[in-house]
file final_22.cif (mmCIF, C-alpha atoms)
data_run
#
loop_
_atom_site.group_PDB
_atom_site.id
_atom_site.type_symbol
_atom_site.label_atom_id
_atom_site.label_comp_id
_atom_site.auth_asym_id
_atom_site.auth_seq_id
_atom_site.Cartn_x
_atom_site.Cartn_y
_atom_site.Cartn_z
ATOM 1 C CA MET A 8 -2.219 6.383 24.780
ATOM 2 C CA THR A 9 -1.409 4.921 21.379
ATOM 3 C CA VAL A 10 -0.490 7.174 18.451
ATOM 4 C CA ARG A 11 -0.764 6.203 14.809
ATOM 5 C CA GLU A 12 0.279 8.970 12.464
ATOM 6 C CA LEU A 13 2.615 9.882 9.637
ATOM 7 C CA VAL A 14 5.144 12.667 10.159
ATOM 8 C CA VAL A 15 6.228 14.045 6.788
ATOM 9 C CA LEU A 16 9.887 15.049 6.910
ATOM 10 C CA GLY A 17 10.419 15.723 3.203
ATOM 11 C CA THR A 18 8.520 15.483 -0.071
ATOM 12 C CA ALA A 19 10.926 16.255 -2.928
ATOM 13 C CA SER A 20 12.128 13.797 -5.538
ATOM 14 C CA GLN A 21 15.707 13.754 -6.830
ATOM 15 C CA ALA A 22 16.519 17.387 -6.008
ATOM 16 C CA PRO A 23 15.268 19.403 -3.017
ATOM 17 C CA THR A 24 13.697 22.819 -3.531
ATOM 18 C CA ARG A 25 13.373 25.945 -1.405
ATOM 19 C CA THR A 26 10.168 24.563 0.113
ATOM 20 C CA ARG A 27 10.674 20.795 -0.096
ATOM 21 C CA ASN A 28 13.398 18.706 1.519
ATOM 22 C CA HIS A 29 14.421 15.333 0.194
ATOM 23 C CA ASN A 30 12.185 12.396 1.136
ATOM 24 C CA GLY A 31 11.667 11.292 4.702
ATOM 25 C CA TYR A 32 8.653 9.854 6.541
ATOM 26 C CA LEU A 33 8.226 8.657 10.118
ATOM 27 C CA LEU A 34 5.278 6.374 10.821
ATOM 28 C CA ARG A 35 4.385 6.405 14.512
ATOM 29 C CA TRP A 36 2.555 3.189 15.319
ATOM 30 C CA ASP A 37 1.849 2.660 19.008
ATOM 31 C CA GLY A 38 5.368 2.366 20.456
ATOM 32 C CA GLU A 39 7.130 1.880 17.108
ATOM 33 C CA GLY A 40 8.735 4.526 14.895
ATOM 34 C CA LEU A 41 9.343 3.395 11.323
ATOM 35 C CA LEU A 42 11.562 5.808 9.391
ATOM 36 C CA PHE A 43 11.016 5.395 5.658
ATOM 37 C CA ASP A 44 13.496 6.574 3.013
ATOM 38 C CA PRO A 45 15.472 9.235 4.905
ATOM 39 C CA GLY A 46 16.958 11.469 2.242
ATOM 40 C CA GLU A 47 19.599 14.133 2.684
ATOM 41 C CA GLY A 48 18.735 16.558 5.490
ATOM 42 C CA THR A 49 16.420 14.201 7.371
ATOM 43 C CA GLN A 50 18.226 14.713 10.700
ATOM 44 C CA ARG A 51 17.477 18.445 10.606
ATOM 45 C CA GLN A 52 13.904 17.880 9.473
ATOM 46 C CA MET A 53 13.403 15.622 12.487
ATOM 47 C CA LEU A 54 14.506 18.462 14.745
ATOM 48 C CA LEU A 55 12.102 20.875 13.067
ATOM 49 C CA ALA A 56 9.259 18.357 13.334
ATOM 50 C CA GLY A 57 9.954 17.662 17.000
ATOM 51 C CA VAL A 58 10.928 14.039 16.381
ATOM 52 C CA PRO A 59 13.730 12.828 18.688
ATOM 53 C CA SER A 60 16.178 10.296 17.326
ATOM 54 C CA SER A 61 15.016 7.896 20.031
ATOM 55 C CA ALA A 62 11.617 7.715 18.298
ATOM 56 C CA VAL A 63 13.121 5.623 15.484
ATOM 57 C CA THR A 64 12.951 1.859 15.968
ATOM 58 C CA ARG A 65 13.210 0.780 12.326
ATOM 59 C CA ILE A 66 14.728 2.229 9.161
ATOM 60 C CA CYS A 67 12.998 1.043 5.993
ATOM 61 C CA LEU A 68 14.620 1.833 2.652
ATOM 62 C CA THR A 69 12.801 1.170 -0.596
ATOM 63 C CA HIS A 70 15.921 1.478 -2.760
ATOM 64 C CA PHE A 71 19.336 3.129 -2.961
ATOM 65 C CA HIS A 72 18.838 6.227 -5.071
ATOM 66 C CA GLY A 73 20.279 9.130 -3.102
ATOM 67 C CA ASP A 74 17.051 10.992 -2.417
ATOM 68 C CA HIS A 75 15.858 7.917 -0.500
ATOM 69 C CA CYS A 76 18.940 7.068 1.562
ATOM 70 C CA LEU A 77 21.529 9.854 1.868
ATOM 71 C CA GLY A 78 20.073 10.833 5.231
ATOM 72 C CA VAL A 79 21.041 7.504 6.780
ATOM 73 C CA PRO A 80 24.530 8.612 7.945
ATOM 74 C CA GLY A 81 23.217 11.654 9.795
ATOM 75 C CA VAL A 82 20.341 9.799 11.412
ATOM 76 C CA VAL A 83 22.499 6.850 12.507
ATOM 77 C CA GLN A 84 25.244 9.087 13.858
ATOM 78 C CA ARG A 85 22.691 11.231 15.703
ATOM 79 C CA MET A 86 21.220 8.147 17.355
ATOM 80 C CA SER A 87 24.712 7.192 18.526
ATOM 81 C CA LEU A 88 25.332 10.731 19.781
ATOM 82 C CA ASP A 89 22.050 10.628 21.701
ATOM 83 C CA ARG A 90 22.940 7.215 23.150
ATOM 84 C CA VAL A 91 19.756 5.552 21.906
ATOM 85 C CA THR A 92 19.647 2.326 23.907
ATOM 86 C CA HIS A 93 17.076 0.234 22.048
ATOM 87 C CA PRO A 94 17.978 -1.857 19.008
ATOM 88 C CA VAL A 95 17.229 -0.318 15.608
ATOM 89 C CA VAL A 96 16.464 -2.667 12.706
ATOM 90 C CA ALA A 97 17.254 -1.667 9.126
ATOM 91 C CA HIS A 98 15.373 -3.147 6.164
ATOM 92 C CA PHE A 99 16.616 -2.567 2.616
ATOM 93 C CA PRO A 100 17.028 -4.473 -0.679
ATOM 94 C CA ALA A 101 19.710 -7.097 -0.222
ATOM 95 C CA SER A 102 21.255 -6.117 -3.549
ATOM 96 C CA GLY A 103 22.234 -2.818 -1.920
ATOM 97 C CA ARG A 104 23.962 -4.289 1.128
ATOM 98 C CA GLU A 105 27.285 -2.733 0.049
ATOM 99 C CA TYR A 106 25.677 0.716 -0.230
ATOM 100 C CA PHE A 107 24.106 0.413 3.218
ATOM 101 C CA GLY A 108 27.483 -0.527 4.675
ATOM 102 C CA ARG A 109 28.975 2.621 3.195
ATOM 103 C CA LEU A 110 26.147 4.776 4.501
ATOM 104 C CA ARG A 111 26.294 3.546 8.092
ATOM 105 C CA ALA A 112 30.070 4.071 8.174
ATOM 106 C CA ALA A 113 30.272 7.180 5.984
ATOM 107 C CA SER A 114 32.515 9.094 8.383
ATOM 108 C CA VAL A 115 34.351 8.800 11.688
ATOM 109 C CA PHE A 116 32.078 8.704 14.747
ATOM 110 C CA HIS A 117 31.733 6.875 18.044
ATOM 111 C CA ASP A 118 29.326 4.119 17.047
ATOM 112 C CA VAL A 119 27.378 2.826 20.045
ATOM 113 C CA LEU A 120 24.066 2.154 18.280
ATOM 114 C CA ASP A 121 22.742 -1.392 18.158
ATOM 115 C CA LEU A 122 21.852 -1.293 14.450
ATOM 116 C CA ARG A 123 20.724 -4.643 13.080
ATOM 117 C CA GLU A 124 20.619 -5.200 9.326
ATOM 118 C CA GLU A 125 17.796 -7.334 7.922
ATOM 119 C CA PRO A 126 18.029 -7.124 4.113
ATOM 120 C CA LEU A 127 15.040 -7.937 1.905
ATOM 121 C CA THR A 128 15.400 -10.837 -0.490
ATOM 122 C CA ALA A 129 11.801 -11.704 -1.424
ATOM 123 C CA ASP A 130 8.176 -10.656 -1.114
ATOM 124 C CA GLY A 131 6.349 -11.369 2.131
ATOM 125 C CA PRO A 132 6.447 -10.622 5.868
ATOM 126 C CA VAL A 133 9.728 -9.185 7.115
ATOM 127 C CA ALA A 134 8.981 -8.326 10.763
ATOM 128 C CA ALA A 135 6.195 -8.477 13.333
ATOM 129 C CA GLY A 136 5.229 -6.872 16.631
ATOM 130 C CA LEU A 137 2.357 -7.118 19.075
ATOM 131 C CA SER A 138 -0.039 -5.122 16.893
ATOM 132 C CA TRP A 139 1.420 -5.292 13.411
ATOM 133 C CA THR A 140 3.145 -7.240 10.662
ATOM 134 C CA LEU A 141 5.481 -5.492 8.224
ATOM 135 C CA GLU A 142 5.323 -6.822 4.667
ATOM 136 C CA ALA A 143 7.390 -5.999 1.577
ATOM 137 C CA ARG A 144 6.840 -6.415 -2.155
ATOM 138 C CA ARG A 145 9.223 -5.835 -5.040
ATOM 139 C CA LEU A 146 8.281 -2.874 -7.249
ATOM 140 C CA ASP A 147 9.201 -1.914 -10.835
ATOM 141 C CA HIS A 148 11.864 0.820 -10.825
ATOM 142 C CA LEU A 149 15.188 1.363 -12.593
ATOM 143 C CA VAL A 150 16.958 -0.340 -9.689
ATOM 144 C CA GLU A 151 15.687 -2.971 -7.260
ATOM 145 C CA SER A 152 13.014 -1.372 -5.114
ATOM 146 C CA PHE A 153 10.549 -2.633 -2.492
ATOM 147 C CA GLY A 154 7.312 -1.198 -1.153
ATOM 148 C CA TYR A 155 6.123 -1.784 2.399
ATOM 149 C CA ARG A 156 2.823 -2.407 4.145
ATOM 150 C CA LEU A 157 2.072 -2.438 7.878
ATOM 151 C CA VAL A 158 -0.898 -4.658 8.726
ATOM 152 C CA GLU A 159 -2.757 -4.919 12.016
ATOM 153 C CA PRO A 160 -4.455 -8.291 12.653
ATOM 154 C CA ASP A 161 -8.234 -8.326 12.561
ATOM 155 C CA GLY A 162 -9.872 -8.348 15.969
ATOM 156 C CA ARG A 163 -13.234 -7.903 17.648
ATOM 157 C CA ARG A 164 -14.989 -4.885 19.161
ATOM 158 C CA MET A 165 -16.833 -5.503 22.415
ATOM 159 C CA LEU A 166 -20.504 -4.419 22.512
ATOM 160 C CA PRO A 167 -21.340 -2.869 25.922
ATOM 161 C CA GLU A 168 -25.094 -3.480 25.642
ATOM 162 C CA GLU A 169 -24.606 -7.164 24.788
ATOM 163 C CA LEU A 170 -22.062 -7.575 27.581
ATOM 164 C CA ALA A 171 -24.532 -6.109 30.082
ATOM 165 C CA ARG A 172 -27.327 -8.310 28.771
ATOM 166 C CA ALA A 173 -25.108 -11.389 29.173
ATOM 167 C CA GLY A 174 -23.995 -10.337 32.661
ATOM 168 C CA VAL A 175 -20.311 -10.007 31.774
ATOM 169 C CA SER A 176 -18.369 -7.164 33.392
ATOM 170 C CA GLY A 177 -15.053 -6.205 34.964
ATOM 171 C CA PRO A 178 -12.156 -8.691 34.656
ATOM 172 C CA ASP A 179 -14.498 -11.230 33.049
ATOM 173 C CA VAL A 180 -14.506 -9.145 29.852
ATOM 174 C CA GLY A 181 -10.775 -9.717 29.466
ATOM 175 C CA ARG A 182 -11.147 -13.418 30.242
ATOM 176 C CA LEU A 183 -13.820 -13.738 27.584
ATOM 177 C CA GLN A 184 -11.600 -12.007 25.025
ATOM 178 C CA ARG A 185 -8.690 -14.315 25.825
ATOM 179 C CA GLU A 186 -10.574 -17.607 26.122
ATOM 180 C CA GLY A 187 -13.410 -17.148 23.615
ATOM 181 C CA SER A 188 -16.163 -18.301 25.963
ATOM 182 C CA LEU A 189 -17.148 -17.896 29.600
ATOM 183 C CA ASP A 190 -19.540 -19.580 32.039
ATOM 184 C CA VAL A 191 -21.909 -16.994 33.549
ATOM 185 C CA GLY A 192 -24.527 -18.274 35.979
ATOM 186 C CA GLY A 193 -24.601 -21.706 34.399
ATOM 187 C CA ARG A 194 -24.812 -20.342 30.842
ATOM 188 C CA THR A 195 -21.991 -20.287 28.320
ATOM 189 C CA VAL A 196 -21.411 -16.872 26.776
ATOM 190 C CA ARG A 197 -19.428 -16.926 23.534
ATOM 191 C CA LEU A 198 -17.257 -14.045 22.376
ATOM 192 C CA ASP A 199 -19.080 -13.660 19.066
ATOM 193 C CA GLU A 200 -22.362 -13.087 20.952
ATOM 194 C CA VAL A 201 -21.117 -9.920 22.654
ATOM 195 C CA SER A 202 -18.720 -8.502 20.071
ATOM 196 C CA ALA A 203 -18.457 -7.558 16.402
ATOM 197 C CA PRO A 204 -15.625 -8.005 13.888
ATOM 198 C CA ARG A 205 -13.086 -5.181 13.924
ATOM 199 C CA PRO A 206 -10.882 -5.038 10.829
ATOM 200 C CA GLY A 207 -7.249 -4.241 11.490
ATOM 201 C CA GLN A 208 -5.713 -1.057 10.119
ATOM 202 C CA ARG A 209 -3.355 -1.034 7.147
ATOM 203 C CA VAL A 210 -0.756 1.503 6.051
ATOM 204 C CA ALA A 211 0.998 1.174 2.694
ATOM 205 C CA PHE A 212 4.192 2.926 1.575
ATOM 206 C CA VAL A 213 4.889 2.914 -2.167
ATOM 207 C CA MET A 214 7.819 4.867 -3.566
ATOM 208 C CA ASP A 215 9.603 4.869 -6.914
ATOM 209 C CA THR A 216 7.886 2.479 -9.306
ATOM 210 C CA ARG A 217 5.952 2.091 -12.499
ATOM 211 C CA LEU A 218 2.464 0.628 -12.308
ATOM 212 C CA CYS A 219 2.706 -3.081 -11.471
ATOM 213 C CA ASP A 220 0.774 -5.754 -9.591
ATOM 214 C CA ALA A 221 2.751 -5.083 -6.404
ATOM 215 C CA VAL A 222 1.473 -1.502 -6.214
ATOM 216 C CA SER A 223 -2.125 -2.731 -6.089
ATOM 217 C CA ALA A 224 -1.265 -5.542 -3.678
ATOM 218 C CA LEU A 225 0.298 -3.088 -1.239
ATOM 219 C CA ALA A 226 -2.523 -0.563 -1.568
ATOM 220 C CA ASP A 227 -5.372 -3.074 -1.278
ATOM 221 C CA GLY A 228 -7.728 -1.995 1.497
ATOM 222 C CA ALA A 229 -5.233 0.474 2.970
ATOM 223 C CA ASP A 230 -6.514 2.964 5.508
ATOM 224 C CA LEU A 231 -3.539 5.167 4.618
ATOM 225 C CA LEU A 232 -1.607 4.975 1.344
ATOM 226 C CA VAL A 233 1.591 7.025 1.048
ATOM 227 C CA ILE A 234 2.548 6.932 -2.611
ATOM 228 C CA GLU A 235 4.857 8.703 -5.002
ATOM 229 C CA SER A 236 3.358 10.950 -7.668
ATOM 230 C CA THR A 237 6.524 12.341 -9.178
ATOM 231 C CA PHE A 238 4.907 13.476 -12.416
ATOM 232 C CA LEU A 239 1.628 14.845 -13.727
ATOM 233 C CA GLU A 240 -0.234 12.963 -16.428
ATOM 234 C CA GLU A 241 1.005 15.357 -19.116
ATOM 235 C CA ASP A 242 4.437 13.819 -18.556
ATOM 236 C CA ALA A 243 3.299 10.184 -18.378
ATOM 237 C CA ALA A 244 5.925 9.159 -20.929
ATOM 238 C CA LEU A 245 8.686 10.538 -18.691
ATOM 239 C CA ALA A 246 7.172 8.742 -15.710
ATOM 240 C CA ARG A 247 7.278 5.443 -17.569
ATOM 241 C CA ASP A 248 10.835 5.981 -18.837
ATOM 242 C CA TYR A 249 12.194 6.855 -15.401
ATOM 243 C CA GLY A 250 10.196 4.297 -13.435
ATOM 244 C CA HIS A 251 7.677 6.561 -11.708
ATOM 245 C CA LEU A 252 3.959 7.236 -11.298
ATOM 246 C CA THR A 253 1.793 10.183 -12.174
ATOM 247 C CA ALA A 254 -0.683 11.704 -9.731
ATOM 248 C CA ARG A 255 -3.544 10.305 -11.810
ATOM 249 C CA GLN A 256 -2.056 6.802 -11.792
ATOM 250 C CA ALA A 257 -1.518 6.895 -8.019
ATOM 251 C CA ALA A 258 -5.068 8.123 -7.448
ATOM 252 C CA THR A 259 -6.523 5.502 -9.782
ATOM 253 C CA VAL A 260 -4.785 2.772 -7.797
ATOM 254 C CA ALA A 261 -6.215 4.250 -4.598
ATOM 255 C CA ALA A 262 -9.734 4.327 -6.026
ATOM 256 C CA GLU A 263 -9.561 0.770 -7.348
ATOM 257 C CA CYS A 264 -8.075 -0.601 -4.113
ATOM 258 C CA GLY A 265 -10.511 0.995 -1.684
ATOM 259 C CA VAL A 266 -7.980 3.285 -0.012
ATOM 260 C CA ARG A 267 -9.493 5.536 2.658
ATOM 261 C CA ARG A 268 -6.836 8.277 2.877
ATOM 262 C CA LEU A 269 -4.418 8.947 0.013
ATOM 263 C CA VAL A 270 -1.158 10.840 0.588
ATOM 264 C CA LEU A 271 0.631 12.009 -2.559
ATOM 265 C CA THR A 272 4.333 12.854 -2.280
ATOM 266 C CA HIS A 273 7.782 12.696 -3.976
ATOM 267 C CA PHE A 274 7.150 15.629 -6.310
ATOM 268 C CA SER A 275 9.388 16.648 -9.200
ATOM 269 C CA GLN A 276 10.856 20.137 -8.957
ATOM 270 C CA ARG A 277 9.434 20.877 -12.415
ATOM 271 C CA TYR A 278 5.998 21.538 -10.857
ATOM 272 C CA PRO A 279 5.998 24.578 -8.520
ATOM 273 C CA ASP A 280 2.204 24.488 -8.057
ATOM 274 C CA ALA A 281 1.252 21.577 -5.764
ATOM 275 C CA SER A 282 -2.458 22.180 -6.326
ATOM 276 C CA ARG A 283 -2.127 20.606 -9.753
ATOM 277 C CA PHE A 284 -1.425 17.235 -8.112
ATOM 278 C CA ALA A 285 -4.566 17.585 -6.003
ATOM 279 C CA ASP A 286 -6.709 18.526 -8.991
ATOM 280 C CA GLU A 287 -5.437 15.635 -11.102
ATOM 281 C CA ALA A 288 -5.892 13.066 -8.325
ATOM 282 C CA ALA A 289 -9.323 14.332 -7.262
ATOM 283 C CA ALA A 290 -10.633 13.740 -10.764
ATOM 284 C CA VAL A 291 -10.409 9.966 -10.199
ATOM 285 C CA PHE A 292 -10.295 9.546 -6.400
ATOM 286 C CA ALA A 293 -13.257 10.634 -4.278
ATOM 287 C CA GLY A 294 -11.786 9.711 -0.887
ATOM 288 C CA ASP A 295 -9.724 11.715 1.581
ATOM 289 C CA LEU A 296 -6.823 13.247 -0.356
ATOM 290 C CA VAL A 297 -3.653 14.832 1.082
ATOM 291 C CA VAL A 298 -0.923 16.490 -0.954
ATOM 292 C CA ALA A 299 1.976 16.078 1.446
ATOM 293 C CA ALA A 300 3.871 19.116 2.708
ATOM 294 C CA ASP A 301 7.136 19.128 4.622
ATOM 295 C CA LEU A 302 6.759 18.903 8.423
ATOM 296 C CA GLY A 303 3.075 18.068 8.172
ATOM 297 C CA THR A 304 1.371 15.313 10.158
ATOM 298 C CA VAL A 305 -1.243 12.938 8.733
ATOM 299 C CA ALA A 306 -3.272 10.758 11.061
ATOM 300 C CA VAL A 307 -4.030 7.142 10.256
ATOM 301 C CA PRO A 308 -7.839 7.158 9.870
ATOM 302 C CA ARG A 309 -9.821 5.630 12.700
ATOM 303 C CA ARG A 310 -11.012 2.112 12.052
ATOM 304 C CA ALA A 311 -13.977 1.938 9.716
#
call {"tool": "encode", "arguments": {"input": "final_22.cif", "output": "structure tokens"}}
result
Amino acid sequence: MTVRELVVLGTASQAPTRTRNHNGYLLRWDGEGLLFDPGEGTQRQMLLAGVPSSAVTRICLTHFHGDHCLGVPGVVQRMSLDRVTHPVVAHFPASGREYFGRLRAASVFHDVLDLREEPLTADGPVAAGLSWTLEARRLDHLVESFGYRLVEPDGRRMLPEELARAGVSGPDVGRLQREGSLDVGGRTVRLDEVSAPRPGQRVAFVMDTRLCDAVSALADGADLLVIESTFLEEDAALARDYGHLTARQAATVAAECGVRRLVLTHFSQRYPDASRFADEAAAVFAGDLVVAADLGTVAVPRRA
């Protein structure tokens, strides 16, 4: 059974609070586990969330500010301790290659993990699997930063009534899907006659950035958008100066880009009341809205 969900490991920006750990997000996608921006304390948050180290297949860093990467040493060393046997790929801005080297070798440990570095140098696809392509786009922050998007290819949904009418059943359904057409009793049945288009799912991950074209490009048509909303609109000037978004800006992007489920996160410690983020975002976004909480789980919406 496939699982597509976001496990929220931490939601604080810059400094953790009594109720919010530093950033950390695991996207479960079928058999993949993409760990985004593991901040300090992520290893312990994984334990509390019931996420084994073996669940991680990729580490995706947006940039090298500490709240987005200081959890790397603990996670990598835990995977070695647990003798994780599969390769783990790490994506991060190439300009921070030196920082990543320091993080993965931050202390003495018995390193048996097959950790493969694949730094980001430009916008575009960076990896692909059977049911997804991982894309990256450069954002607008104080240091080089990239956002990510996981895209499932479009497919087709089989229509049982049309299949029965055409006399296609059993193994022939799979043959028709693979070959595009099938001879049934002297008649050619085409795939488009017994199926309907099925758009692939999209998940976007946008951390520290000002508003820019890349934010909209990543969010476009996303079923799930995980996006920073460090500030409230009353502090929009601070957001701009420090390279961040407000909750209203994040929600406006979601509304304009047709996002189905919006997840706000990366909250400044200056706002103890999380409901203010929900209120501000709901004023401009009418879709499904989640204000992320540590150790929560958010499902990727079913296909439209």
call {"tool": "resolve_selection", "arguments": {"input": "final_22.cif", "expression": "the PyMOL selection byres ((chain A and resi 85) around 10)", "output": "PyMOL selection string"}}
result
chain A and resi 50+59-61+79-84+86-91+116+118+120
call {"tool": "resolve_selection", "arguments": {"input": "final_22.cif", "expression": "the PyMOL selection byres ((chain A and resi 29) around 9)", "output": "PyMOL selection string"}}
result
chain A and resi 16-24+27-28+30-31+45-49+74-75+78+273
call {"tool": "closest_residue", "arguments": {"input": "final_22.cif", "among": "A:Val266, A:Thr259, A:Trp139, A:Ala211", "to": "A:Ala289", "atoms": "all atoms listed in the file"}}
result
A:Thr259
call {"tool": "closest_residue", "arguments": {"input": "final_22.cif", "among": "A:Leu225, A:Leu137, A:Met214, A:Met53", "to": "A:Gly265", "atoms": "all atoms listed in the file"}}
result
A:Leu225
call {"tool": "atom_distance", "arguments": {"input": "final_22.cif", "atom1": "atom CA of A:Gly108", "atom2": "atom CA of A:Asp147"}}
result
24.0 Å
call {"tool": "closest_residue", "arguments": {"input": "final_22.cif", "among": "A:Asp37, A:Asp242, A:Asp215, A:Asp179", "to": "A:Val150", "atoms": "only C-alpha atoms"}}
result
A:Asp215
call {"tool": "resolve_selection", "arguments": {"input": "final_22.cif", "expression": "the PyMOL selection byres ((chain A and resi 293) around 12)", "output": "PyMOL selection string"}}
result
chain A and resi 258-259+261-263+265-269+285-292+294-297
call {"tool": "atom_distance", "arguments": {"input": "final_22.cif", "atom1": "atom CA of A:Glu151", "atom2": "atom CA of A:Ala246"}}
result
16.8 Å
call {"tool": "residues_around", "arguments": {"input": "final_22.cif", "residues": "A:Val270", "least_positions_apart": "3", "cutoff": "8 Å", "atoms": "all atoms listed in the file", "output": "ChimeraX atom specification"}}
result
/A:231-234,296-299
call {"tool": "atom_distance", "arguments": {"input": "final_22.cif", "atom1": "atom CA of A:Asp301", "atom2": "atom CA of A:Gly73"}}
result
18.2 Å
call {"tool": "decode", "arguments": {"input": "final_22.cif", "residues": "stretch 289-300 of chain A", "atoms": "N, CA, C and O atoms", "output": "mmCIF file, in the first residue's frame"}}
result
data_model
loop_
_atom_site.group_PDB
_atom_site.id
_atom_site.type_symbol
_atom_site.label_atom_id
_atom_site.label_comp_id
_atom_site.auth_asym_id
_atom_site.auth_seq_id
_atom_site.Cartn_x
_atom_site.Cartn_y
_atom_site.Cartn_z
ATOM 1 N N ALA A 289 -6.420 32.712 5.934
ATOM 2 C CA ALA A 289 -7.789 32.392 5.522
ATOM 3 C C ALA A 289 -8.495 33.583 4.892
ATOM 4 O O ALA A 289 -9.466 33.410 4.148
ATOM 5 N N ALA A 290 -8.012 34.771 5.154
ATOM 6 C CA ALA A 290 -8.627 35.958 4.571
ATOM 7 C C ALA A 290 -8.425 36.037 3.060
ATOM 8 O O ALA A 290 -9.182 36.707 2.359
ATOM 9 N N VAL A 291 -7.406 35.312 2.546
ATOM 10 C CA VAL A 291 -7.123 35.377 1.104
ATOM 11 C C VAL A 291 -7.102 34.005 0.439
ATOM 12 O O VAL A 291 -7.078 33.913 -0.789
ATOM 13 N N PHE A 292 -7.117 32.936 1.241
ATOM 14 C CA PHE A 292 -7.063 31.576 0.684
ATOM 15 C C PHE A 292 -8.264 30.789 1.190
ATOM 16 O O PHE A 292 -8.419 30.576 2.397
ATOM 17 N N ALA A 293 -9.085 30.312 0.256
ATOM 18 C CA ALA A 293 -10.324 29.620 0.629
ATOM 19 C C ALA A 293 -10.173 28.099 0.629
ATOM 20 O O ALA A 293 -11.131 27.386 0.941
ATOM 21 N N GLY A 294 -8.995 27.601 0.280
ATOM 22 C CA GLY A 294 -8.798 26.153 0.220
ATOM 23 C C GLY A 294 -8.502 25.541 1.577
ATOM 24 O O GLY A 294 -8.694 26.168 2.625
ATOM 25 N N ASP A 295 -8.017 24.311 1.549
ATOM 26 C CA ASP A 295 -7.699 23.579 2.775
ATOM 27 C C ASP A 295 -6.426 24.163 3.387
ATOM 28 O O ASP A 295 -5.364 24.164 2.758
ATOM 29 N N LEU A 296 -6.519 24.650 4.608
ATOM 30 C CA LEU A 296 -5.425 25.359 5.260
ATOM 31 C C LEU A 296 -4.985 24.630 6.518
ATOM 32 O O LEU A 296 -5.810 24.273 7.361
ATOM 33 N N VAL A 297 -3.657 24.402 6.646
ATOM 34 C CA VAL A 297 -3.090 23.754 7.829
ATOM 35 C C VAL A 297 -1.997 24.648 8.390
ATOM 36 O O VAL A 297 -1.081 25.049 7.666
ATOM 37 N N VAL A 298 -2.108 24.980 9.666
ATOM 38 C CA VAL A 298 -1.013 25.640 10.373
ATOM 39 C C VAL A 298 -0.223 24.522 11.040
ATOM 40 O O VAL A 298 -0.710 23.870 11.966
ATOM 41 N N ALA A 299 0.965 24.269 10.553
ATOM 42 C CA ALA A 299 1.719 23.087 10.960
ATOM 43 C C ALA A 299 2.042 23.104 12.448
ATOM 44 O O ALA A 299 2.353 24.151 13.024
ATOM 45 N N ALA A 300 1.979 21.924 13.051
ATOM 46 C CA ALA A 300 2.360 21.729 14.447
ATOM 47 C C ALA A 300 3.357 20.588 14.519
ATOM 48 O O ALA A 300 3.271 19.625 13.750
#
